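Asks: So here's data.txt (compact mmCIF, C-alpha atoms).
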```
# COMPACT_ATOMS: atom_id res chain seq x y z
CA MET A 1 103.81 86.47 95.74
CA TRP A 2 101.14 88.81 97.16
CA ASN A 3 98.19 86.44 96.95
CA GLY A 4 97.27 85.91 100.61
CA ILE A 5 93.82 87.49 100.28
CA THR A 6 91.34 87.74 103.15
CA ILE A 7 87.77 88.94 102.46
CA GLY A 8 84.48 89.04 104.32
CA TYR A 9 85.15 91.92 106.72
CA SER A 10 82.10 93.61 108.20
CA SER A 11 81.94 97.39 107.90
CA ALA A 12 80.39 97.45 111.39
CA ASP A 13 83.63 96.01 112.78
CA GLU A 14 85.95 98.44 110.98
CA THR A 15 87.03 100.24 114.16
CA ILE A 16 87.49 96.97 116.06
CA ASN A 17 89.58 95.36 113.32
CA PHE A 18 91.57 98.29 111.97
CA GLY A 19 91.32 101.26 114.31
CA THR A 20 89.77 104.68 113.79
CA ARG A 21 87.80 104.93 110.57
CA ALA A 22 89.02 107.65 108.16
CA VAL A 23 86.28 110.08 107.08
CA ALA A 24 86.38 113.03 104.66
CA ILE A 25 83.59 115.59 104.26
CA GLY A 26 83.13 116.82 100.68
CA ASP A 27 81.03 119.59 99.16
CA SER A 28 78.00 117.37 98.65
CA ARG A 29 78.66 114.12 100.52
CA ILE A 30 80.70 112.33 103.17
CA PHE A 31 83.40 109.85 102.22
CA GLU A 32 84.55 107.14 104.60
CA THR A 33 87.04 104.29 104.34
CA THR A 34 85.96 100.70 104.89
CA THR A 35 88.31 97.72 104.69
CA LEU A 36 86.87 95.15 102.28
CA ALA A 37 89.92 92.90 101.87
CA THR A 38 93.54 92.56 102.93
CA ILE A 39 96.36 91.25 100.76
CA LYS A 40 99.47 89.71 102.30
CA ARG A 41 102.71 88.32 100.94
CA THR A 42 102.91 84.51 100.80
CA CYS A 43 106.63 84.26 100.02
CA ASP A 44 109.85 85.33 101.75
CA VAL A 45 110.90 87.93 99.15
CA LYS A 46 111.04 91.36 100.75
CA CYS A 47 110.35 94.67 99.05
CA VAL A 48 113.28 97.08 99.29
CA SER A 49 110.99 100.10 98.97
CA LYS A 50 107.31 100.94 98.50
CA GLU A 51 108.01 101.44 94.79
CA ASP A 52 108.94 97.75 94.50
CA LEU A 53 105.31 96.78 94.99
CA ARG A 54 102.97 98.21 92.39
CA ILE A 55 99.32 97.95 93.42
CA SER A 56 96.52 99.19 91.20
CA ALA A 57 92.78 98.66 91.03
CA MET A 58 89.96 99.18 88.56
CA CYS A 59 86.20 98.70 88.67
CA THR A 60 83.51 97.73 86.18
CA PRO A 61 79.77 97.68 86.92
CA ASP A 62 80.03 93.99 87.89
CA LEU A 63 83.58 93.35 89.09
CA MET A 64 86.59 94.85 90.82
CA TYR A 65 90.15 93.99 89.83
CA ILE A 66 93.33 94.36 91.89
CA SER A 67 96.85 94.00 90.53
CA GLY A 68 99.64 93.61 93.06
CA GLY A 69 103.13 92.15 92.85
CA GLN A 70 102.87 89.03 90.70
CA SER A 71 99.11 88.41 90.85
CA TYR A 72 95.92 89.80 89.33
CA THR A 73 92.61 89.10 91.08
CA SER A 74 88.98 89.78 90.22
CA PHE A 75 86.27 90.20 92.89
CA ASN A 76 82.56 90.86 92.86
CA THR A 77 81.81 94.54 93.49
CA SER A 78 81.05 94.03 97.19
CA ILE A 79 84.40 92.18 97.63
CA THR A 80 82.75 89.19 99.26
CA GLU A 81 83.86 86.68 96.61
CA ILE A 82 87.08 86.05 94.67
CA ASN A 83 86.11 85.22 91.10
CA GLN A 84 89.52 84.54 89.55
CA THR A 85 93.23 84.94 90.29
CA PHE A 86 96.08 84.81 87.77
CA GLY A 87 99.63 84.41 89.03
CA PHE A 88 102.71 85.36 87.02
CA PRO A 89 106.42 84.53 87.35
CA ASN A 90 107.57 88.16 87.64
CA GLN A 91 106.45 91.57 88.85
CA ILE A 92 103.52 93.21 87.06
CA VAL A 93 104.42 96.57 85.51
CA ASP A 94 101.01 97.32 84.00
CA ALA A 95 97.74 95.52 83.29
CA LYS A 96 94.72 96.40 81.16
CA MET A 97 91.26 94.90 80.75
CA SER A 98 89.15 94.82 77.60
CA ASP A 99 86.00 96.96 77.76
CA ASP A 100 83.79 93.87 78.03
CA GLY A 101 85.84 92.50 80.94
CA CYS A 102 86.60 89.23 79.13
CA TYR A 103 90.32 89.66 78.43
CA LEU A 104 93.33 90.76 80.43
CA ILE A 105 96.70 91.89 79.07
CA VAL A 106 99.59 91.99 81.57
CA LEU A 107 103.08 93.44 81.09
CA LEU A 108 105.80 92.02 83.35
CA ASP A 109 109.14 93.54 84.29
CA ASP A 110 110.97 90.81 82.35
CA TRP A 111 109.50 92.24 79.11
CA THR A 112 106.82 89.54 78.75
CA ILE A 113 103.20 90.11 77.71
CA TYR A 114 100.56 87.69 79.00
CA CYS A 115 97.07 87.54 77.50
CA CYS A 116 94.46 85.90 79.74
CA SER A 117 90.80 85.06 79.32
CA PHE A 118 88.30 85.50 82.15
CA THR A 119 85.48 83.80 80.21
CA ASN A 120 87.10 80.36 80.40
CA PRO A 121 89.98 81.22 82.75
CA ARG A 122 93.27 80.43 81.05
CA ILE A 123 96.32 82.04 79.43
CA LEU A 124 95.79 82.59 75.71
CA PHE A 125 99.35 83.52 74.79
CA ILE A 126 102.72 84.76 76.01
CA LYS A 127 104.78 87.25 74.01
CA LYS A 128 108.31 88.43 74.73
CA VAL A 129 108.83 92.10 73.83
CA SER A 130 112.14 92.75 72.08
CA LYS A 131 114.35 95.29 73.81
CA ASN A 132 115.27 98.41 71.92
CA PRO A 133 117.92 98.30 69.19
CA ARG A 134 119.85 101.21 70.64
CA CYS A 135 122.07 98.82 72.63
CA LEU A 136 121.54 100.47 76.01
CA PRO A 137 122.72 98.55 79.09
CA SER A 138 119.84 96.40 80.37
CA GLU A 139 119.66 98.24 83.71
CA MET A 140 118.96 101.48 81.82
CA GLU A 141 116.01 100.07 79.89
CA SER A 142 112.70 98.88 81.33
CA PRO A 143 109.06 98.48 80.23
CA VAL A 144 106.89 101.37 81.45
CA GLY A 145 103.28 100.79 80.42
CA LEU A 146 100.86 99.33 77.93
CA PHE A 147 97.60 100.10 76.14
CA PHE A 148 95.08 97.50 75.02
CA SER A 149 91.87 97.46 73.00
CA HIS A 150 89.66 94.71 71.56
CA LYS A 151 87.86 95.74 68.39
CA GLU A 152 86.20 93.68 65.65
CA ASN A 153 87.93 90.39 66.51
CA HIS A 154 91.34 92.15 66.80
CA PHE A 155 93.61 92.74 69.80
CA TYR A 156 95.63 95.97 69.63
CA ILE A 157 98.51 96.15 72.12
CA THR A 158 101.00 98.99 72.60
CA VAL A 159 104.04 98.78 74.92
CA THR A 160 106.13 101.82 75.88
CA THR A 161 109.72 101.55 77.17
CA SER A 162 111.78 103.84 79.40
CA SER A 163 114.14 104.89 76.59
CA GLY A 164 111.30 106.01 74.32
CA PHE A 165 110.37 103.05 72.14
CA ILE A 166 106.70 102.43 71.34
CA ASN A 167 106.02 98.83 70.26
CA LYS A 168 102.69 98.16 68.55
CA PHE A 169 101.24 94.65 68.13
CA ILE A 170 98.08 93.22 66.61
CA CYS A 171 96.33 89.88 66.96
CA ALA A 172 94.29 89.76 63.77
CA ASN A 173 91.98 86.85 64.64
CA VAL A 174 91.00 86.61 68.30
CA GLN A 175 88.38 83.91 67.77
CA GLU A 176 90.89 81.60 66.07
CA LEU A 177 93.37 82.24 68.88
CA ILE A 178 90.78 81.22 71.49
CA GLU A 179 89.86 78.06 69.59
CA LYS A 180 93.51 77.02 69.25
CA SER A 181 94.20 77.73 72.93
CA VAL A 182 91.56 75.15 73.87
CA LEU A 183 93.19 72.48 71.72
CA ASP A 184 96.86 73.38 72.24
CA ASN A 185 98.45 74.09 75.63
CA ASP A 186 101.60 75.49 73.99
CA PHE A 187 100.41 79.09 74.25
CA LYS A 188 103.94 80.36 73.55
CA ASN A 189 103.31 79.53 69.90
CA ILE A 190 101.65 82.86 69.13
CA GLU A 191 102.05 83.40 65.43
CA HIS A 192 98.77 85.32 65.68
CA LEU A 193 100.45 88.27 67.45
CA ILE A 194 102.21 90.40 64.85
CA THR A 195 104.50 93.38 65.43
CA LEU A 196 103.01 96.29 63.52
CA ASN A 197 105.56 99.00 64.22
CA VAL A 198 108.33 100.06 66.57
CA PHE A 199 108.65 103.85 66.96
CA ASP A 200 111.64 105.58 68.54
CA ILE A 201 110.45 108.85 70.05
CA HIS A 202 113.85 109.75 71.57
CA GLU A 203 112.42 110.59 75.00
CA ASN A 204 113.13 109.35 78.50
CA VAL A 205 109.81 107.90 79.68
CA LYS A 206 108.73 107.46 83.31
CA THR A 207 104.96 107.14 82.98
CA VAL A 208 102.29 107.08 80.27
CA CYS A 209 98.59 107.86 79.98
CA GLY A 210 96.06 107.39 77.18
CA MET A 211 94.23 110.26 75.50
CA TYR A 212 91.76 108.95 72.93
CA ASP A 213 93.99 107.15 70.39
CA ASN A 214 97.10 109.12 71.37
CA ILE A 215 99.74 108.57 74.05
CA LEU A 216 100.63 111.12 76.70
CA ILE A 217 104.19 110.56 77.90
CA ALA A 218 105.97 112.07 80.91
CA GLY A 219 109.69 111.98 81.69
CA ASP A 220 111.91 115.00 81.27
CA SER A 221 108.89 116.61 79.62
CA ILE A 222 105.20 116.03 78.94
CA CYS A 223 104.63 115.11 75.29
CA LEU A 224 101.59 114.09 73.28
CA TYR A 225 102.31 111.69 70.41
CA GLU A 226 99.82 111.26 67.62
CA GLY A 227 100.38 108.44 65.16
CA GLU A 228 103.83 107.69 63.84
CA ASN A 229 106.41 109.44 65.98
CA MET A 230 104.76 112.86 65.68
CA ARG A 231 105.21 115.22 68.61
CA SER A 232 102.24 117.57 68.73
CA LYS A 233 102.87 119.33 72.05
CA GLU A 234 105.65 119.43 74.56
CA PHE A 235 106.47 121.07 77.86
CA LEU A 236 109.97 120.66 79.27
CA PHE A 237 110.13 120.56 83.06
CA PRO A 238 112.86 122.16 85.18
CA ASP A 239 115.65 119.78 86.20
CA ASN A 240 114.22 119.36 89.71
CA CYS A 241 110.72 118.40 88.52
CA LYS A 242 110.07 114.92 87.14
CA ILE A 243 106.63 113.30 86.74
CA LYS A 244 106.00 109.82 88.15
CA LYS A 245 102.21 109.57 87.59
CA LEU A 246 99.64 111.51 85.57
CA ILE A 247 95.87 111.27 85.01
CA PHE A 248 93.50 113.27 82.81
CA THR A 249 90.42 114.87 84.30
CA GLN A 250 87.17 113.56 82.82
CA ASP A 251 86.67 116.59 80.57
CA LYS A 252 90.32 116.31 79.35
CA SER A 253 90.98 119.95 80.29
CA PHE A 254 93.62 119.25 82.98
CA ILE A 255 96.38 116.76 83.63
CA ILE A 256 96.88 115.93 87.31
CA CYS A 257 100.48 114.92 88.04
CA LEU A 258 102.48 113.50 90.93
CA THR A 259 106.14 114.52 90.87
CA ASP A 260 109.27 112.79 92.13
CA SER A 261 109.45 115.59 94.69
CA LYS A 262 106.17 114.26 96.14
CA THR A 263 104.19 117.34 95.13
CA MET A 264 101.00 117.60 93.04
CA LEU A 265 101.07 119.53 89.79
CA LEU A 266 98.04 120.73 87.82
CA VAL A 267 98.83 121.11 84.10
CA CYS A 268 96.63 122.62 81.37
CA ALA A 269 95.89 119.89 78.81
CA PHE A 270 95.70 122.41 75.96
CA THR A 271 98.95 124.33 76.48
CA PHE A 272 100.81 121.78 78.66
CA LEU A 273 101.78 124.65 80.97
CA PRO A 274 101.66 124.19 84.78
CA VAL A 275 98.69 125.93 86.40
CA LYS A 276 99.41 125.25 90.06
CA GLU A 277 101.70 123.23 92.30
CA TRP A 278 100.44 121.84 95.61
CA ASN A 279 103.18 121.07 98.14
CA LYS A 280 101.63 121.36 101.59
CA VAL A 281 102.55 117.77 102.51
CA PRO A 282 104.56 115.05 100.70
CA ILE A 283 102.33 112.79 98.58
CA SER A 284 103.03 109.15 97.65
CA ASP A 285 99.97 108.39 95.49
CA PHE A 286 96.61 109.74 94.36
CA THR A 287 93.42 108.89 92.53
CA VAL A 288 90.79 111.07 90.90
CA MET A 289 87.06 110.98 91.69
CA GLN A 290 84.69 112.71 89.28
CA GLU A 291 80.97 112.94 90.04
CA MET A 292 78.18 115.42 89.35
CA GLY A 293 80.51 117.79 87.49
CA THR A 294 82.91 117.98 90.44
CA THR A 295 86.49 116.71 90.37
CA SER A 296 88.08 115.66 93.65
CA ILE A 297 91.53 114.19 94.23
CA LEU A 298 92.12 111.64 96.98
CA LEU A 299 95.74 111.91 98.14
CA LEU A 300 97.82 109.45 100.16
CA THR A 301 100.49 111.26 102.12
CA ASP A 302 104.08 110.04 102.42
CA GLU A 303 104.47 110.17 106.18
CA ILE A 304 105.38 107.75 108.98
CA GLN A 305 101.65 107.61 109.73
CA PRO A 306 100.03 108.21 106.32
CA SER A 307 96.87 110.22 105.87
CA LEU A 308 94.10 110.38 103.29
CA MET A 309 93.42 113.89 102.03
CA LEU A 310 90.48 114.97 99.90
CA VAL A 311 91.25 117.92 97.63
CA SER A 312 88.83 119.66 95.27
CA MET A 313 89.20 121.31 91.86
CA PRO A 314 88.94 123.16 89.49
CA GLY A 315 90.16 126.67 90.09
CA ASN A 316 92.55 125.93 92.94
CA LEU A 317 93.56 122.82 94.77
CA ILE A 318 91.58 123.24 97.99
CA LEU A 319 91.93 120.93 100.96
CA ILE A 320 88.52 119.66 102.05
CA ASN A 321 89.49 117.22 104.76
CA LYS A 322 92.38 115.17 106.13
CA GLN A 323 92.21 111.95 108.11
CA ARG A 324 94.95 109.78 109.57
CA LEU A 325 95.14 106.13 108.57
CA GLY A 326 95.81 103.57 111.25
CA ILE A 327 98.90 101.36 110.81
CA PHE A 328 98.47 97.72 111.83
```
Render the structure in this file as structure tokens.
Replies:
Amino acid sequence: MWNGITIGYSSADETINFGTRAVAIGDSRIFETTTLATIKRTCDVKCVSKEDLRISAMCTPDLMYISGGQSYTSFNTSITEINQTFGFPNQIVDAKMSDDGCYLIVLLDDWTIYCCSFTNPRILFIKKVSKNPRCLPSEMESPVGLFFSHKENHFYITVTTSSGFINKFICANVQELIEKSVLDNDFKNIEHLITLNVFDIHENVKTVCGMYDNILIAGDSICLYEGENMRSKEFLFPDNCKIKKLIFTQDKSFIICLTDSKTMLLVCAFTFLPVKEWNKVPISDFTVMQEMGTTSILLLTDEIQPSLMLVSMPGNLILINKQRLGIF
């Protein structure tokens, strides 16, 4: 399990502890990297590839959350304190927080959903997602992602699978669930979580992204599904171009994609047609930064010694700066 967390590093000692500090100069400001925490493996299980370890992070005004391997940890925003850590028996595929930061929904690679409370830290329920009825071999079917919202005392949970099934669940009385979880430790007894619908969209799915109340799906194509199995738009990619990650820009006008070929693809969100491909160096991951009307993409290169690259949009993908990351 990746839960060996060390915090309390001083930014003044960045160069001493971790080598040359990476810096990128943007149009209006300077970005620099500072190590706030390190996470190490505390078991003997080895990752076969970088894809075996999924690490993701999200921030709220008060907290920062990091999901990695089989654990999910919340920190204060300055990463000087660990507020709460939840450990799970299998690898985390996806995790989502409620808007108020009180509830966490986690999807594991063994098809299990965990619902956790940060208010009084505990697991509220566990739900096993049924595999699709199309009788595919188990190695061909896997959970891909989930969506979660908490509205008017209801939990709404949606799970998407690799063969194109969308499973929708509802917990109709959250307050009653919380009260029962205090009295009863058998949180597998979750009659509160009801399966609303299971849609078969007949698509191979590699990654998903939310767009308002709709689901953007990427696999052999990019598709937008609205409501019950309705395909509103679709763009079919060439055979040598598959999407492994996609993010909307803040104004929802572009979709920024990372391909299996380790290139970046800019797609129009209205027509779903590619606008530009960026392939100067192989890319392993990216995140989007949007401030003051400017969209920048921070890229992590897939090299022996990886680099951070800051790229600007819109118009064209323009390289602003590139800095090597030290390996330690």
Asks: If you measure from CA of Thr38 in chain A to CA of Trp111 in chain A, what distance in Å do you get, rounded to one decimal?
Replies: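 For CA of Thr38 in chain A relative to CA of Trp111 in chain A, the distance reads 28.7 Å.
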Asks: What's the 10 Å shell around Ser56 in chain A, counting only C-alpha atoms, without same-chain residues fewer than 2 positions away, as a PyMOL selection string?
Replies: chain A and resi 53-54+58+65-69+72+94-95
Asks: Go through A:Gly145, A:Asn153, A:Asp302, A:Ser163 and flag the residue nearest Leu216 in chain A, using all atoms listed in the file for the distances.
Replies: A:Gly145
Asks: So that I can check the surroundings of Val144 in chain A, please list as JSON, numbers by chain every protein, DNA and RNA residue that reaches within 10 Å of it, counting only C-alpha atoms and ignoring chain neighbours fewer than 2 positions away.
Replies: {"A": [93, 94, 107, 108, 109, 111, 141, 142, 146, 159, 160, 161, 162, 163, 164, 205, 206, 207, 208]}
Asks: Please, could you write that set of residues out with C-alpha atoms as an mmCIF file, in the frame of the given file?
Replies:
```cif
data_model
loop_
_atom_site.group_PDB
_atom_site.id
_atom_site.type_symbol
_atom_site.label_atom_id
_atom_site.label_comp_id
_atom_site.auth_asym_id
_atom_site.auth_seq_id
_atom_site.Cartn_x
_atom_site.Cartn_y
_atom_site.Cartn_z
ATOM 1 C CA VAL A 93 104.420 96.570 85.510
ATOM 2 C CA ASP A 94 101.010 97.320 84.000
ATOM 3 C CA LEU A 107 103.080 93.440 81.090
ATOM 4 C CA LEU A 108 105.800 92.020 83.350
ATOM 5 C CA ASP A 109 109.140 93.540 84.290
ATOM 6 C CA TRP A 111 109.500 92.240 79.110
ATOM 7 C CA GLU A 141 116.010 100.070 79.890
ATOM 8 C CA SER A 142 112.700 98.880 81.330
ATOM 9 C CA LEU A 146 100.860 99.330 77.930
ATOM 10 C CA VAL A 159 104.040 98.780 74.920
ATOM 11 C CA THR A 160 106.130 101.820 75.880
ATOM 12 C CA THR A 161 109.720 101.550 77.170
ATOM 13 C CA SER A 162 111.780 103.840 79.400
ATOM 14 C CA SER A 163 114.140 104.890 76.590
ATOM 15 C CA GLY A 164 111.300 106.010 74.320
ATOM 16 C CA VAL A 205 109.810 107.900 79.680
ATOM 17 C CA LYS A 206 108.730 107.460 83.310
ATOM 18 C CA THR A 207 104.960 107.140 82.980
ATOM 19 C CA VAL A 208 102.290 107.080 80.270
#
```
Asks: Point out the residue among A:Phe169, A:Tyr9, A:Phe147, A:Phe118 with the least atom-to-atom distance to Leu196 in chain A, counting only C-alpha atoms.
Replies: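 Closest residue, counting only C-alpha atoms: A:Phe169.
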Asks: I'd like the interatomic distance between CA of Ser181 in chain A and CA of Leu124 in chain A, to a tenth of an Å.
Replies: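 For CA of Ser181 in chain A relative to CA of Leu124 in chain A, the distance reads 5.8 Å.
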Asks: Centre and edge lengths, as AutoDock Vina command-line options, for the axis-aligned box enclosing every listed atom of range 275-278 of chain A with 3 Å of padding on each of the six sides, in Å to one decimal?
Replies:
```
--center_x 100.2 --center_y 123.9 --center_z 91.0 --size_x 9.0 --size_y 10.1 --size_z 15.2
```
Asks: May I have the residues within 10 Å of Thr35 in chain A as a list in words, using only C-alpha atoms and disregarding those fewer than 2 positions away in the same chain?
Replies: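 Result of the neighbour search: Ile7, Gly8, Tyr9, Ser10, Ser11, Asp13, Glu14, Thr15, Asn17, Phe18, Arg21, Thr33, Ala37, Thr38 and Ile79 of chain A.
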Asks: Here is a test: counting all atoms listed in the file, which residue of A:Met64, A:Ala172, A:Val129, A:Leu258 is nearest to His150 in chain A?
Replies: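 Closest to His150 in chain A, using all atoms listed in the file: A:Ala172.
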Asks: Please indicate the distance in Å from CA of Ser261 in chain A to CA of Leu300 in chain A, rounded to one decimal place.
Replies: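 A separation of 14.2 Å between them.
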Asks: From the set A:Met140, A:Met309, A:Ile126, A:Ile5, which residue has the shortest atom-to-atom contact distance to Ile82 in chain A, counting all atoms listed in the file?
Replies: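 Answer, going by the shortest atom-to-atom distance: A:Ile5.
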Asks: Would you please work out which residue, of A:Ile283, A:Ile123, A:Val182, A:Leu193, is nearest to Tyr156 in chain A when using all atoms listed in the file?
Replies: A:Leu193
Asks: Using all atoms listed in the file, can you tell me which of A:Ile178, A:Thr20, A:His202, A:Thr77 comes closest to Cys102 in chain A?
Replies: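 That would be A:Ile178, the residue with the smallest distance to Cys102 in chain A.
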Asks: Please list as number ranges by chain every residue within 7 Å of Leu246 in chain A, counting only C-alpha atoms and excluding residues in the same chain fewer than 3 positions away.
Replies: A: 209, 255-258
Asks: Export, as a PDB file, keeping the file's coordinate frame, the selected residues with C-alpha atoms.
Replies:
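See out33.pdb below for the written result:
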```pdb
ATOM      1  CA  CYS A 209      98.590 107.860  79.980  1.00  0.00           C
ATOM      2  CA  ILE A 255      96.380 116.760  83.630  1.00  0.00           C
ATOM      3  CA  ILE A 256      96.880 115.930  87.310  1.00  0.00           C
ATOM      4  CA  CYS A 257     100.480 114.920  88.040  1.00  0.00           C
ATOM      5  CA  LEU A 258     102.480 113.500  90.930  1.00  0.00           C
TER       6      LEU A 258
END
```
